[in-house]
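Source file: coords_22.txt; contents: compact mmCIF, C-alpha atoms.
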# COMPACT_ATOMS: atom_id res chain seq x y z
CA MET A 158 -13.48 -10.38 -17.71
CA ASN A 159 -13.09 -9.91 -21.47
CA GLN A 160 -15.81 -8.60 -23.80
CA GLN A 161 -17.12 -12.02 -24.82
CA GLU A 162 -17.37 -13.11 -21.19
CA LEU A 163 -19.40 -9.99 -20.39
CA PHE A 164 -21.85 -10.74 -23.21
CA ASP A 165 -22.05 -14.37 -22.03
CA LYS A 166 -22.85 -13.20 -18.48
CA TYR A 167 -25.59 -10.95 -19.87
CA GLN A 168 -27.05 -13.94 -21.74
CA ASP A 169 -26.92 -16.12 -18.63
CA THR A 170 -28.60 -13.44 -16.51
CA PHE A 171 -31.36 -12.24 -18.84
CA ALA A 172 -31.77 -15.20 -21.26
CA ALA A 173 -31.35 -12.78 -24.18
CA GLN A 174 -28.64 -11.37 -26.44
CA GLY A 175 -26.85 -8.23 -25.24
CA GLN A 176 -26.63 -5.42 -27.82
CA ASP A 177 -23.90 -2.97 -26.80
CA LEU A 178 -20.98 -2.81 -24.36
CA PHE A 179 -19.98 0.40 -22.56
CA PHE A 180 -17.05 1.34 -20.32
CA SER A 181 -16.84 4.10 -17.72
CA PRO A 182 -13.53 4.79 -15.91
CA GLY A 183 -12.74 5.36 -12.27
CA ARG A 184 -10.61 8.31 -11.22
CA ILE A 185 -7.65 9.36 -9.14
CA ASN A 186 -6.93 12.88 -8.02
CA VAL A 187 -3.31 14.01 -8.27
CA ILE A 188 -3.92 16.82 -5.77
CA GLY A 189 -6.82 18.92 -4.47
CA GLU A 190 -8.70 16.82 -1.90
CA HIS A 191 -11.91 17.99 -0.20
CA THR A 192 -11.64 21.24 -2.17
CA ASP A 193 -14.42 20.54 -4.69
CA TYR A 194 -17.40 21.19 -2.40
CA ASN A 195 -15.45 24.17 -0.99
CA GLY A 196 -15.34 25.87 -4.40
CA GLY A 197 -11.63 25.24 -4.93
CA HIS A 198 -9.46 23.63 -7.59
CA VAL A 199 -8.82 19.94 -8.25
CA PHE A 200 -6.46 18.03 -10.56
CA PRO A 201 -7.97 14.60 -11.29
CA CYS A 202 -7.76 12.14 -14.18
CA ALA A 203 -9.72 9.10 -15.38
CA ILE A 204 -8.08 5.69 -15.02
CA SER A 205 -8.23 2.38 -16.89
CA LEU A 206 -9.92 0.57 -13.99
CA GLY A 207 -13.67 1.13 -14.13
CA THR A 208 -17.15 -0.21 -14.82
CA TYR A 209 -18.46 -2.17 -17.80
CA GLY A 210 -22.11 -2.37 -18.81
CA VAL A 211 -23.80 -4.63 -21.36
CA TYR A 212 -27.10 -3.13 -22.59
CA GLY A 213 -30.10 -4.74 -24.23
CA ALA A 214 -33.45 -3.13 -25.06
CA ARG A 215 -36.76 -4.53 -23.79
CA ASP A 216 -40.23 -4.13 -25.33
CA ASP A 217 -41.92 -3.35 -22.00
CA ASP A 218 -41.41 -0.59 -19.40
CA GLN A 219 -39.20 -2.59 -17.02
CA VAL A 220 -35.58 -1.78 -16.17
CA GLN A 221 -33.63 -4.83 -15.01
CA LEU A 222 -30.20 -4.31 -13.45
CA PHE A 223 -27.74 -6.96 -12.38
CA SER A 224 -24.29 -6.43 -10.86
CA GLY A 225 -21.63 -9.07 -11.35
CA ASN A 226 -19.92 -7.65 -8.25
CA MET A 227 -22.80 -7.83 -5.80
CA GLU A 228 -24.41 -10.84 -4.19
CA GLY A 229 -28.10 -10.60 -4.91
CA ASP A 230 -30.85 -10.84 -7.46
CA VAL A 231 -31.78 -8.78 -10.49
CA VAL A 232 -33.17 -5.40 -9.41
CA SER A 233 -36.26 -4.62 -11.46
CA PHE A 234 -38.43 -1.49 -11.59
CA ALA A 235 -40.59 0.44 -14.06
CA ILE A 236 -39.02 3.37 -15.94
CA THR A 237 -41.71 5.59 -14.36
CA ASP A 238 -40.74 4.54 -10.79
CA GLU A 239 -39.05 7.53 -9.13
CA ALA A 240 -38.65 6.20 -5.57
CA PRO A 241 -35.14 5.41 -4.28
CA GLU A 242 -34.55 1.75 -3.43
CA GLU A 243 -34.74 1.32 0.36
CA VAL A 244 -33.98 -2.39 0.79
CA GLU A 245 -30.32 -2.77 1.75
CA ASP A 246 -29.27 -5.25 -0.94
CA ARG A 247 -30.98 -3.16 -3.64
CA LYS A 248 -29.54 0.24 -2.68
CA TRP A 249 -26.63 -0.08 -5.15
CA ALA A 250 -29.21 0.37 -7.93
CA ASN A 251 -29.88 3.97 -6.80
CA TYR A 252 -26.72 5.18 -8.57
CA PHE A 253 -28.31 3.97 -11.83
CA LYS A 254 -31.91 4.79 -11.00
CA GLY A 255 -31.18 8.39 -10.02
CA MET A 256 -29.68 9.11 -13.45
CA LEU A 257 -32.76 7.64 -15.17
CA VAL A 258 -35.16 9.55 -12.91
CA TYR A 259 -33.44 12.93 -13.39
CA LEU A 260 -33.05 12.57 -17.18
CA ARG A 261 -36.76 11.75 -17.49
CA GLN A 262 -37.65 14.67 -15.20
CA LYS A 263 -35.71 16.95 -17.55
CA GLY A 264 -38.03 15.85 -20.33
CA PHE A 265 -35.76 13.43 -22.17
CA LYS A 266 -37.62 10.64 -23.93
CA ILE A 267 -36.73 7.28 -22.41
CA ASP A 268 -39.75 5.33 -23.56
CA HIS A 269 -38.97 1.63 -23.11
CA GLY A 270 -37.30 -0.64 -20.62
CA PHE A 271 -33.91 -2.31 -20.87
CA ASN A 272 -31.58 -4.81 -19.24
CA LEU A 273 -28.14 -3.80 -18.01
CA TYR A 274 -25.48 -6.23 -16.82
CA VAL A 275 -22.80 -4.37 -14.87
CA TYR A 276 -19.32 -5.46 -13.87
CA GLY A 277 -16.58 -3.31 -12.32
CA ASN A 278 -12.88 -4.02 -11.84
CA LEU A 279 -12.38 -1.09 -9.49
CA PRO A 280 -11.39 -2.54 -6.12
CA TYR A 281 -14.49 -2.21 -3.93
CA GLY A 282 -14.23 0.57 -1.38
CA ALA A 283 -10.88 1.75 -2.76
CA GLY A 284 -11.91 5.39 -3.06
CA LEU A 285 -11.36 5.40 -6.84
CA SER A 286 -14.89 6.68 -7.35
CA SER A 287 -16.87 3.62 -8.31
CA SER A 288 -20.07 5.58 -7.65
CA ALA A 289 -19.25 8.31 -10.20
CA SER A 290 -18.08 5.60 -12.62
CA ILE A 291 -21.50 3.93 -12.31
CA GLU A 292 -23.46 7.20 -12.61
CA MET A 293 -21.57 8.26 -15.73
CA LEU A 294 -21.85 4.75 -17.20
CA MET A 295 -25.64 4.97 -16.87
CA GLY A 296 -25.62 8.50 -18.28
CA GLN A 297 -23.61 7.40 -21.32
CA VAL A 298 -25.79 4.31 -21.92
CA LEU A 299 -28.98 6.39 -21.86
CA LYS A 300 -27.44 9.18 -23.96
CA ASP A 301 -26.30 6.77 -26.67
CA GLU A 302 -29.15 4.25 -26.70
CA PHE A 303 -31.97 6.82 -26.54
CA ASN A 304 -30.19 9.47 -28.68
CA LEU A 305 -30.46 12.10 -25.95
CA ASP A 306 -29.32 15.58 -26.96
CA ILE A 307 -27.56 16.47 -23.71
CA ASP A 308 -24.25 18.23 -23.18
CA GLN A 309 -21.62 16.12 -21.40
CA ILE A 310 -21.18 18.67 -18.59
CA ASP A 311 -24.96 18.64 -17.99
CA LEU A 312 -24.72 14.85 -17.71
CA VAL A 313 -21.88 15.31 -15.18
CA LYS A 314 -24.10 17.66 -13.15
CA LEU A 315 -26.88 15.05 -13.11
CA GLY A 316 -24.33 12.54 -11.81
CA GLN A 317 -23.59 14.85 -8.90
CA LYS A 318 -27.31 15.45 -8.32
CA THR A 319 -27.85 11.68 -8.20
CA GLU A 320 -25.10 11.34 -5.59
CA ASN A 321 -26.35 14.30 -3.51
CA ASP A 322 -30.13 14.00 -3.73
CA PHE A 323 -30.90 10.39 -4.68
CA VAL A 324 -28.14 8.63 -2.72
CA GLY A 325 -27.64 11.23 0.02
CA LEU A 326 -23.91 12.03 0.00
CA ASN A 327 -23.08 15.76 -0.04
CA SER A 328 -20.10 15.40 -2.39
CA GLY A 329 -18.73 17.99 -4.78
CA ILE A 330 -18.58 17.64 -8.54
CA MET A 331 -14.98 16.45 -8.94
CA ASP A 332 -15.61 12.71 -9.25
CA GLN A 333 -18.31 12.92 -11.91
CA PHE A 334 -16.36 15.60 -13.80
CA ALA A 335 -13.12 13.59 -13.75
CA VAL A 336 -14.91 10.47 -14.99
CA GLY A 337 -17.32 12.11 -17.43
CA MET A 338 -14.76 14.47 -19.00
CA GLY A 339 -11.70 12.19 -18.82
CA LYS A 340 -9.09 12.47 -21.58
CA LYS A 341 -6.32 9.97 -22.34
CA ASP A 342 -2.90 10.93 -20.88
CA ASN A 343 -4.31 14.18 -19.43
CA ALA A 344 -5.37 15.42 -16.02
CA ILE A 345 -8.08 18.06 -15.67
CA PHE A 346 -7.33 21.34 -13.89
CA LEU A 347 -10.84 22.23 -12.74
CA ASP A 348 -12.16 25.25 -10.87
CA CYS A 349 -15.10 23.71 -9.00
CA ASN A 350 -16.56 27.17 -8.36
CA THR A 351 -16.94 28.15 -12.03
CA LEU A 352 -16.48 24.75 -13.76
CA GLU A 353 -13.80 26.36 -15.91
CA TYR A 354 -11.33 23.63 -16.82
CA LYS A 355 -8.35 22.82 -18.96
CA TYR A 356 -6.66 19.59 -19.91
CA MET A 357 -3.01 19.30 -18.95
CA PRO A 358 -0.79 16.46 -20.20
CA LEU A 359 0.28 14.33 -17.23
CA GLU A 360 3.92 14.24 -18.28
CA LEU A 361 5.84 12.41 -15.59
CA GLY A 362 8.94 11.45 -17.60
CA ASP A 363 10.74 8.60 -15.84
CA TYR A 364 8.03 8.46 -13.15
CA GLU A 365 4.68 6.71 -12.91
CA ILE A 366 1.68 6.76 -10.60
CA VAL A 367 1.09 3.69 -8.44
CA ILE A 368 -2.27 3.28 -6.68
CA MET A 369 -2.00 1.75 -3.21
CA SER A 370 -5.28 0.34 -1.84
CA THR A 371 -5.74 -0.17 1.90
CA ASN A 372 -8.23 -3.00 1.27
CA LYS A 373 -10.24 -1.60 4.15
CA LYS A 374 -13.88 -1.23 3.18
CA HIS A 375 -15.43 2.18 3.58
CA SER A 376 -18.74 3.84 2.85
CA LEU A 377 -18.49 7.60 2.56
CA ALA A 378 -22.23 8.06 2.97
CA ALA A 379 -22.01 6.48 6.42
CA SER A 380 -18.74 8.18 7.37
CA ALA A 381 -17.73 11.60 8.64
CA TYR A 382 -17.72 13.00 5.08
CA ASN A 383 -21.00 14.88 5.52
CA ASP A 384 -19.68 16.20 8.87
CA ARG A 385 -16.71 17.80 7.08
CA VAL A 386 -19.05 19.43 4.55
CA ALA A 387 -21.13 20.84 7.43
CA GLU A 388 -18.05 22.09 9.32
CA CYS A 389 -16.81 23.94 6.24
CA GLY A 390 -20.29 25.36 5.72
CA GLU A 391 -20.28 26.74 9.28
CA ALA A 392 -16.78 28.21 8.77
CA LEU A 393 -17.91 29.89 5.56
CA LYS A 394 -20.92 31.41 7.34
CA ARG A 395 -18.67 32.92 10.01
CA LEU A 396 -16.23 34.34 7.45
CA GLN A 397 -19.09 35.79 5.40
CA THR A 398 -19.91 38.17 8.28
CA LYS A 399 -16.88 40.22 7.13
CA LEU A 400 -15.93 38.81 3.71
CA ASP A 401 -17.92 38.97 0.46
CA ILE A 402 -17.30 35.34 -0.57
CA ASN A 403 -19.40 32.41 -1.74
CA SER A 404 -16.89 29.64 -0.99
CA LEU A 405 -13.72 28.93 0.97
CA GLY A 406 -11.95 28.45 -2.36
CA GLU A 407 -12.12 32.21 -2.93
CA ILE A 408 -9.65 33.10 -0.17
CA ASP A 409 -5.88 32.75 -0.03
CA GLU A 410 -3.55 32.03 2.88
CA ASP A 411 -3.11 35.70 3.87
CA THR A 412 -6.86 36.35 3.93
CA PHE A 413 -7.37 33.21 6.02
CA ASP A 414 -4.73 34.41 8.47
CA GLU A 415 -6.24 37.91 8.78
CA TYR A 416 -9.80 36.74 9.30
CA SER A 417 -9.25 33.52 11.24
CA TYR A 418 -10.37 35.31 14.43
CA LEU A 419 -13.92 35.07 13.05
CA LEU A 420 -13.74 31.28 13.31
CA ASN A 421 -12.46 31.20 16.91
CA ASP A 422 -12.84 27.43 17.07
CA GLU A 423 -10.07 24.85 16.83
CA THR A 424 -11.96 22.41 14.61
CA LEU A 425 -13.22 25.08 12.22
CA LEU A 426 -9.73 26.62 12.03
CA LYS A 427 -8.22 23.29 11.02
CA ARG A 428 -10.90 22.46 8.46
CA THR A 429 -10.70 25.91 6.85
CA ARG A 430 -6.90 25.91 6.83
CA HIS A 431 -6.94 22.66 4.89
CA ALA A 432 -9.55 23.89 2.39
CA VAL A 433 -7.67 27.15 1.74
CA PHE A 434 -4.12 25.79 1.67
CA GLU A 435 -5.04 22.67 -0.34
CA ASN A 436 -6.63 24.88 -2.98
CA GLN A 437 -3.43 26.97 -3.22
CA ARG A 438 -1.30 23.80 -3.31
CA THR A 439 -3.32 22.58 -6.28
CA ILE A 440 -2.77 25.82 -8.18
CA GLN A 441 0.97 25.64 -7.39
CA ALA A 442 1.14 21.97 -8.37
CA THR A 443 -0.25 22.55 -11.84
CA LYS A 444 2.27 25.37 -12.31
CA ALA A 445 5.06 23.04 -11.16
CA MET A 446 3.81 20.49 -13.69
CA THR A 447 3.87 23.08 -16.48
CA ASP A 448 7.39 24.12 -15.45
CA GLY A 449 8.53 20.49 -15.41
CA ASP A 450 9.39 20.81 -11.70
CA LEU A 451 8.35 17.31 -10.65
CA GLU A 452 10.21 17.51 -7.33
CA LYS A 453 8.08 20.47 -6.27
CA LEU A 454 4.96 18.61 -7.40
CA GLY A 455 6.04 15.72 -5.15
CA ARG A 456 6.57 17.98 -2.12
CA LEU A 457 3.13 19.53 -2.59
CA ILE A 458 1.58 16.04 -2.79
CA ASN A 459 3.30 15.14 0.50
CA ALA A 460 2.07 18.37 2.09
CA SER A 461 -1.46 17.53 0.96
CA HIS A 462 -1.35 14.27 2.92
CA VAL A 463 0.00 15.98 6.05
CA SER A 464 -2.84 18.50 5.89
CA LEU A 465 -5.45 15.77 5.34
CA HIS A 466 -4.03 13.94 8.37
CA PHE A 467 -3.63 16.77 10.88
CA ASP A 468 -6.07 19.49 9.76
CA TYR A 469 -8.86 17.60 8.02
CA GLU A 470 -8.44 14.41 10.05
CA VAL A 471 -9.67 12.02 7.36
CA SER A 472 -6.71 9.68 6.88
CA GLY A 473 -6.41 7.04 9.61
CA THR A 474 -3.80 4.36 10.36
CA GLU A 475 -4.08 2.49 7.05
CA LEU A 476 -3.71 5.51 4.74
CA ASP A 477 -1.01 7.09 6.92
CA THR A 478 0.96 3.83 6.85
CA LEU A 479 0.86 3.67 3.04
CA ALA A 480 1.87 7.31 2.52
CA GLU A 481 4.56 7.38 5.21
CA ALA A 482 6.05 4.05 4.07
CA ALA A 483 6.13 5.31 0.49
CA TRP A 484 7.98 8.48 1.53
CA GLN A 485 10.83 6.30 2.82
CA GLN A 486 11.36 4.44 -0.47
CA PRO A 487 13.96 5.34 -3.12
CA GLY A 488 12.68 7.05 -6.25
CA VAL A 489 9.46 8.33 -4.67
CA LEU A 490 8.67 11.98 -5.41
CA GLY A 491 5.49 12.12 -3.34
CA ALA A 492 2.65 10.10 -1.88
CA ARG A 493 -0.70 10.89 -0.30
CA MET A 494 -4.15 9.55 0.43
CA ILE A 495 -6.77 10.25 -2.22
CA GLY A 496 -10.55 10.36 -2.12
CA GLY A 497 -12.85 10.94 0.81
CA GLY A 498 -10.61 9.24 3.33
CA PHE A 499 -11.07 6.95 6.34
CA ALA A 500 -9.97 4.03 4.11
CA GLY A 501 -9.70 3.67 0.35
CA SER A 502 -6.44 4.37 -1.45
CA ALA A 503 -3.29 6.43 -1.68
CA ILE A 504 -1.09 7.24 -4.67
CA ALA A 505 2.68 7.39 -5.02
CA ILE A 506 4.64 9.04 -7.82
CA VAL A 507 7.67 6.82 -8.20
CA LYS A 508 10.51 6.23 -10.65
CA LYS A 509 9.43 3.51 -13.06
CA ASP A 510 12.49 1.39 -12.25
CA GLN A 511 11.67 1.59 -8.52
CA ALA A 512 7.94 0.82 -8.77
CA GLU A 513 8.25 -2.90 -7.98
CA ASN A 514 10.55 -2.17 -5.03
CA LEU A 515 7.98 0.34 -3.73
CA LYS A 516 5.18 -2.24 -3.91
CA GLN A 517 7.25 -4.86 -2.13
CA LYS A 518 8.64 -2.64 0.65
CA VAL A 519 5.45 -0.68 1.33
CA GLY A 520 3.52 -3.95 1.21
CA GLU A 521 5.78 -5.48 3.88
CA ILE A 522 5.53 -2.44 6.18
CA TYR A 523 1.75 -2.31 5.73
CA ARG A 524 1.24 -6.01 6.49
CA GLU A 525 3.42 -5.76 9.61
CA LYS A 526 1.63 -2.68 10.95
CA VAL A 527 -1.97 -3.23 9.82
CA GLY A 528 -2.15 -7.02 9.83
CA TYR A 529 -3.34 -7.70 6.28
CA ASP A 530 -2.19 -6.96 2.72
CA ALA A 531 -2.48 -3.78 0.71
CA SER A 532 -2.99 -4.02 -3.07
CA PHE A 533 -1.10 -2.11 -5.74
CA TYR A 534 -2.24 -1.01 -9.20
CA ASP A 535 -0.51 0.81 -12.05
CA ALA A 536 -2.67 3.62 -13.39
CA GLU A 537 -3.17 4.29 -17.08
CA ILE A 538 -4.86 7.61 -17.83
CA VAL A 539 -7.79 7.10 -20.20
CA ASP A 540 -10.79 8.70 -21.92
CA GLY A 541 -14.18 9.14 -20.26
CA PRO A 542 -17.26 6.91 -20.72
CA HIS A 543 -17.81 5.44 -24.19
CA LYS A 544 -19.27 2.57 -26.16
CA LEU A 545 -16.71 -0.14 -26.90
Do you think you could lay out the structure here as structure tokens?
Amino acid sequence: MNQQELFDKYQDTFAAQGQDLFFSPGRINVIGEHTDYNGGHVFPCAISLGTYGVYGARDDDQVQLFSGNMEGDVVSFAITDEAPEEVEDRKWANYFKGMLVYLRQKGFKIDHGFNLYVYGNLPYGAGLSSSASIEMLMGQVLKDEFNLDIDQIDLVKLGQKTENDFVGLNSGIMDQFAVGMGKKDNAIFLDCNTLEYKYMPLELGDYEIVIMSTNKKHSLAASAYNDRVAECGEALKRLQTKLDINSLGEIDEDTFDEYSYLLNDETLLKRTRHAVFENQRTIQATKAMTDGDLEKLGRLINASHVSLHFDYEVSGTELDTLAEAAWQQPGVLGARMIGGGFAGSAIAIVKKDQAENLKQKVGEIYREKVGYDASFYDAEIVDGPHKL
């Protein structure tokens, strides 16, 4: 949908003129999966697929939301209403409502209602962080339209709070940070323990990133995601009986090896091994990037997928098929699942002149094994949320 079409849709929905158009990106993560809530490092970037929002002010206290992607009616509530939406076909509005509720609770003046028409071109359920894209879209709309004096990182933190407390998914801060702090042509090397970060140019030379979507719908909130968070929490508690640490991200491979007897449980051993080794892989990957050693970066990306498959057990047939098929193709440096897992997407770093071959061959293997088509997207690395 182009900009004029979005304004036309707003007019059709609300019988009024839209005022401003905003865009908020999705994200991919080059490496560092399930490390954010374990206090480790991540290496994500914002992508050109994302969420658009057309805003128009109202002269009453009603907020009216409509999604061009969802089947259903306008969701309407008062700006003073702080209760999460419980009706199934209205629950999508909680990603917006939570941001409004928490900004008002912090004392920011949001003193009139508004209409917001929302449309996303992120493939639904693709694990490219549509939820963080929505949260940071709402944050940016409210920041701009109500002239809120809030630091961008504080807005990112409210996005995570919305996801954790208003929606009920115990995710880390990576998604909101990657979206909210995105910078064109750069990935973000982020320490999720301290929120120290630096931008690093994603210089891939003759290579590009291709996103491979399983087209299998998933809902992290209803999946084993919260189980993994709990398992890592239990592992941390056992390690803290001998180690002065606040997160699994604080230990290296040798420390894990020395103190693994404290875990004494196959599942906890596997989960912790992934959290610790994936964190170290991410640190090594950013060094490889700085050194221009793209082949090493590719091997670390492959190792990340193997660990997510065997130790963290969050991949599944569809994601494994995409990654393993990509490994077999010429010009591929590395491939792995990204996001929470169980469905969603994978990425491949492939020579630009082999990208179409990759899509064709991996697509054929996937259709034969899984029974339906995968989808492929080229990723441009873009800035964070902004008014267009």
Using only C-alpha atoms, find the one residue out of A:Gln309, A:Asn514, A:Ser461, A:Gln317 that sits nearest to A:Pro487. A:Asn514
Just checking: using only C-alpha atoms, which residue out of A:Tyr276, A:Tyr416, A:Tyr259, A:Phe533 ends up closest to A:Gln160?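 Nearest candidate to A:Gln160 out of A:Tyr276, A:Tyr416, A:Tyr259, A:Phe533: A:Tyr276.
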Interatomic distance, atom CA of A:Gln262 to atom CA of A:Asn350 (Å, one decimal):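 Separating atom CA of A:Gln262 from atom CA of A:Asn350 is a distance of 25.5 Å.
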Interatomic distance between atom CA of A:Met357 and atom CA of A:Pro201?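 Here the two named atoms are 10.3 Å from each other.
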Tell me which of A:Ile504, A:Ser532, A:Asp342, A:Gln441 sits closest to A:Gln517, counting all atoms listed in the file.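 Looking only at the distances to A:Gln517, the closest residue turns out to be A:Ser532.
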Between atom CA of A:Lys544 and atom CA of A:Ser233, what is the distance, to one decimal in Å?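 Taking atom CA of A:Lys544 and atom CA of A:Ser233, their separation equals 23.6 Å.
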Step by step: locate stretch 425-433 of chain A in the block above, keep all heavy atoms, then write the file as a PDB file, in the first residue's frame.
ATOM      1  N   LEU A 425      18.354 -28.519  31.956  1.00  0.00           N
ATOM      2  CA  LEU A 425      18.977 -27.270  32.395  1.00  0.00           C
ATOM      3  C   LEU A 425      20.394 -27.129  31.842  1.00  0.00           C
ATOM      4  O   LEU A 425      20.829 -26.016  31.519  1.00  0.00           O
ATOM      5  CB  LEU A 425      18.988 -27.187  33.926  1.00  0.00           C
ATOM      6  CG  LEU A 425      17.618 -27.133  34.612  1.00  0.00           C
ATOM      7  CD1 LEU A 425      17.779 -26.907  36.106  1.00  0.00           C
ATOM      8  CD2 LEU A 425      16.730 -26.058  34.004  1.00  0.00           C
ATOM      9  N   LEU A 426      21.105 -28.247  31.725  1.00  0.00           N
ATOM     10  CA  LEU A 426      22.451 -28.206  31.109  1.00  0.00           C
ATOM     11  C   LEU A 426      22.381 -27.703  29.681  1.00  0.00           C
ATOM     12  O   LEU A 426      23.163 -26.839  29.265  1.00  0.00           O
ATOM     13  CB  LEU A 426      23.077 -29.610  31.123  1.00  0.00           C
ATOM     14  CG  LEU A 426      23.932 -29.987  32.319  1.00  0.00           C
ATOM     15  CD1 LEU A 426      24.227 -31.483  32.293  1.00  0.00           C
ATOM     16  CD2 LEU A 426      25.245 -29.200  32.318  1.00  0.00           C
ATOM     17  N   LYS A 427      21.433 -28.233  28.920  1.00  0.00           N
ATOM     18  CA  LYS A 427      21.317 -27.855  27.508  1.00  0.00           C
ATOM     19  C   LYS A 427      20.913 -26.388  27.361  1.00  0.00           C
ATOM     20  O   LYS A 427      21.480 -25.659  26.554  1.00  0.00           O
ATOM     21  CB  LYS A 427      20.307 -28.769  26.789  1.00  0.00           C
ATOM     22  CG  LYS A 427      20.819 -30.195  26.636  1.00  0.00           C
ATOM     23  CD  LYS A 427      20.083 -30.977  25.565  1.00  0.00           C
ATOM     24  CE  LYS A 427      18.653 -31.256  25.902  1.00  0.00           C
ATOM     25  NZ  LYS A 427      18.016 -32.180  24.929  1.00  0.00           N
ATOM     26  N   ARG A 428      19.936 -25.966  28.153  1.00  0.00           N
ATOM     27  CA  ARG A 428      19.474 -24.570  28.052  1.00  0.00           C
ATOM     28  C   ARG A 428      20.607 -23.597  28.418  1.00  0.00           C
ATOM     29  O   ARG A 428      20.805 -22.583  27.748  1.00  0.00           O
ATOM     30  CB  ARG A 428      18.277 -24.319  28.968  1.00  0.00           C
ATOM     31  CG  ARG A 428      17.103 -25.251  28.751  1.00  0.00           C
ATOM     32  CD  ARG A 428      16.498 -25.180  27.358  1.00  0.00           C
ATOM     33  NE  ARG A 428      15.310 -26.012  27.302  1.00  0.00           N
ATOM     34  CZ  ARG A 428      15.220 -27.163  26.631  1.00  0.00           C
ATOM     35  NH1 ARG A 428      16.241 -27.620  25.923  1.00  0.00           N
ATOM     36  NH2 ARG A 428      14.095 -27.854  26.645  1.00  0.00           N
ATOM     37  N   THR A 429      21.326 -23.916  29.486  1.00  0.00           N
ATOM     38  CA  THR A 429      22.401 -23.023  29.933  1.00  0.00           C
ATOM     39  C   THR A 429      23.541 -23.019  28.931  1.00  0.00           C
ATOM     40  O   THR A 429      24.119 -21.968  28.640  1.00  0.00           O
ATOM     41  CB  THR A 429      22.920 -23.466  31.323  1.00  0.00           C
ATOM     42  OG1 THR A 429      21.811 -23.596  32.208  1.00  0.00           O
ATOM     43  CG2 THR A 429      23.902 -22.447  31.886  1.00  0.00           C
ATOM     44  N   ARG A 430      23.873 -24.192  28.405  1.00  0.00           N
ATOM     45  CA  ARG A 430      24.954 -24.260  27.413  1.00  0.00           C
ATOM     46  C   ARG A 430      24.633 -23.361  26.221  1.00  0.00           C
ATOM     47  O   ARG A 430      25.496 -22.633  25.737  1.00  0.00           O
ATOM     48  CB  ARG A 430      25.170 -25.703  26.957  1.00  0.00           C
ATOM     49  CG  ARG A 430      26.316 -25.841  25.956  1.00  0.00           C
ATOM     50  CD  ARG A 430      26.749 -27.290  25.810  1.00  0.00           C
ATOM     51  NE  ARG A 430      25.631 -28.129  25.407  1.00  0.00           N
ATOM     52  CZ  ARG A 430      25.447 -29.389  25.842  1.00  0.00           C
ATOM     53  NH1 ARG A 430      26.297 -29.934  26.696  1.00  0.00           N
ATOM     54  NH2 ARG A 430      24.414 -30.092  25.425  1.00  0.00           N
ATOM     55  N   HIS A 431      23.378 -23.396  25.769  1.00  0.00           N
ATOM     56  CA  HIS A 431      23.032 -22.511  24.659  1.00  0.00           C
ATOM     57  C   HIS A 431      23.201 -21.045  25.056  1.00  0.00           C
ATOM     58  O   HIS A 431      23.816 -20.260  24.321  1.00  0.00           O
ATOM     59  CB  HIS A 431      21.595 -22.721  24.167  1.00  0.00           C
ATOM     60  CG  HIS A 431      21.197 -21.658  23.192  1.00  0.00           C
ATOM     61  ND1 HIS A 431      21.627 -21.656  21.881  1.00  0.00           N
ATOM     62  CD2 HIS A 431      20.488 -20.504  23.350  1.00  0.00           C
ATOM     63  CE1 HIS A 431      21.186 -20.562  21.278  1.00  0.00           C
ATOM     64  NE2 HIS A 431      20.482 -19.859  22.144  1.00  0.00           N
ATOM     65  N   ALA A 432      22.643 -20.660  26.198  1.00  0.00           N
ATOM     66  CA  ALA A 432      22.685 -19.252  26.615  1.00  0.00           C
ATOM     67  C   ALA A 432      24.123 -18.747  26.715  1.00  0.00           C
ATOM     68  O   ALA A 432      24.439 -17.641  26.271  1.00  0.00           O
ATOM     69  CB  ALA A 432      21.960 -19.079  27.947  1.00  0.00           C
ATOM     70  N   VAL A 433      25.000 -19.571  27.286  1.00  0.00           N
ATOM     71  CA  VAL A 433      26.400 -19.169  27.491  1.00  0.00           C
ATOM     72  C   VAL A 433      27.170 -19.147  26.169  1.00  0.00           C
ATOM     73  O   VAL A 433      27.831 -18.155  25.832  1.00  0.00           O
ATOM     74  CB  VAL A 433      27.088 -20.118  28.503  1.00  0.00           C
ATOM     75  CG1 VAL A 433      28.586 -19.853  28.559  1.00  0.00           C
ATOM     76  CG2 VAL A 433      26.460 -19.959  29.890  1.00  0.00           C
TER      77      VAL A 433
END
